[in-house]
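Undergrad: Can you read through this structure? Questions will come right after.
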Amino acid sequence: MSCRYLIGCDGARSVVRKAIGAELTGDAVVQRVQSSFIRAPDLIGRQQHESAWGTGAINPRRSGMVYAIDGRERWLCIII
């Protein structure tokens with residue numbers, strides 16, 4: 001198998017980059033961000049505020065957002 005271009009979007013410790021022998025230039029960590037797609041059918045009923053498309057949390061150590069994907073049970077959680 002061959003290809004004209006190969007793109008590895010798997011971060012600074014890229015398995016793809018290492019497999020093709022490419023070197024990383026620049027900073028390995030620009031910002032630590034984690035995102036998770038979750039299914040939580042009861043989450044919307046536990047909110048203590050009016051329904052919103054996105055809810056943010058600000059914390060001295062970590063902050064983040066929770067976004068309603070379908071307004072019922074699917075959520076995207078992003079921790080910054």
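The chains in the structure tokens are called A, B, ... from first to last as shown; in each chain the residues are counted from 1, and the ligands are counted from 1 in the order shown.
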Among chain A, which residues carry a DSSP assignment of alpha helix (DSSP H), reported as number ranges by chain?
TA: A: 15-19, 43-46
Undergrad: Output N, CA, C and O atoms for every residue in that selection, as a tab-separated table (two decimals), in the first residue's frame.
TA:
```
chain	number	residue	atom	x	y	z
A	15	VAL	N	2.04	7.90	17.23
A	15	VAL	CA	2.48	6.59	16.77
A	15	VAL	C	2.74	6.64	15.27
A	15	VAL	O	3.70	6.05	14.76
A	16	VAL	N	1.87	7.35	14.54
A	16	VAL	CA	2.03	7.48	13.08
A	16	VAL	C	3.34	8.19	12.75
A	16	VAL	O	4.12	7.73	11.91
A	17	ARG	N	3.61	9.30	13.42
A	17	ARG	CA	4.84	10.05	13.15
A	17	ARG	C	6.07	9.19	13.41
A	17	ARG	O	7.01	9.15	12.62
A	18	LYS	N	6.06	8.45	14.52
A	18	LYS	CA	7.20	7.58	14.85
A	18	LYS	C	7.34	6.46	13.83
A	18	LYS	O	8.45	6.09	13.45
A	19	ALA	N	6.21	5.91	13.37
A	19	ALA	CA	6.25	4.80	12.41
A	19	ALA	C	6.86	5.21	11.08
A	19	ALA	O	7.52	4.40	10.42
A	43	LEU	N	-28.43	13.40	33.22
A	43	LEU	CA	-27.69	14.64	33.48
A	43	LEU	C	-28.57	15.89	33.33
A	43	LEU	O	-28.51	16.78	34.17
A	44	ILE	N	-29.39	15.94	32.32
A	44	ILE	CA	-30.20	17.14	32.09
A	44	ILE	C	-31.16	17.39	33.26
A	44	ILE	O	-31.41	18.53	33.64
A	45	GLY	N	-31.65	16.34	33.89
A	45	GLY	CA	-32.55	16.49	35.03
A	45	GLY	C	-31.84	16.90	36.31
A	45	GLY	O	-32.46	17.37	37.25
A	46	ARG	N	-30.53	16.76	36.35
A	46	ARG	CA	-29.75	17.12	37.54
A	46	ARG	C	-29.24	18.55	37.51
A	46	ARG	O	-28.69	19.03	38.49
```
Undergrad: When you count only C-alpha atoms, which of these residues is closest to Leu6 (chain A): A:Ile20, A:Ala52, A:Ile79, A:Ala57?
TA: A:Ile20
Undergrad: Any idea what's packed within 9 Å of Arg74 (chain A), counting only C-alpha atoms, ignoring anything in its chain fewer than 2 positions away? Could you give it as an MDAnalysis selection string?
TA: chainID A and resid 37:41 67:72 76
Undergrad: Just checking: using only C-alpha atoms, which residue out of A:Ser35, A:Ser14, A:Ser2, A:Ser51 ends up closest to Ile78 (chain A)?
TA: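 Selected residue with least distance to Ile78 (chain A): A:Ser35.
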Undergrad: Hey, can you check how far CA of Ala12 (chain A) sits from CA of Leu24 (chain A)?
TA: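 Spanning CA of Ala12 (chain A) to CA of Leu24 (chain A) is a straight-line distance of 7.4 Å.
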Undergrad: Have a look at A:Thr25, A:Ser36, A:Asn59, A:Gln48 and name the one nearest to Trp75 (chain A); count only C-alpha atoms.
TA: A:Ser36
Undergrad: So how far away is CA of Gln47 (chain A) from CA of Arg62 (chain A), in Å?
TA: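 Result for CA of Arg62 (chain A) versus CA of Gln47 (chain A): 20.1 Å, one decimal.
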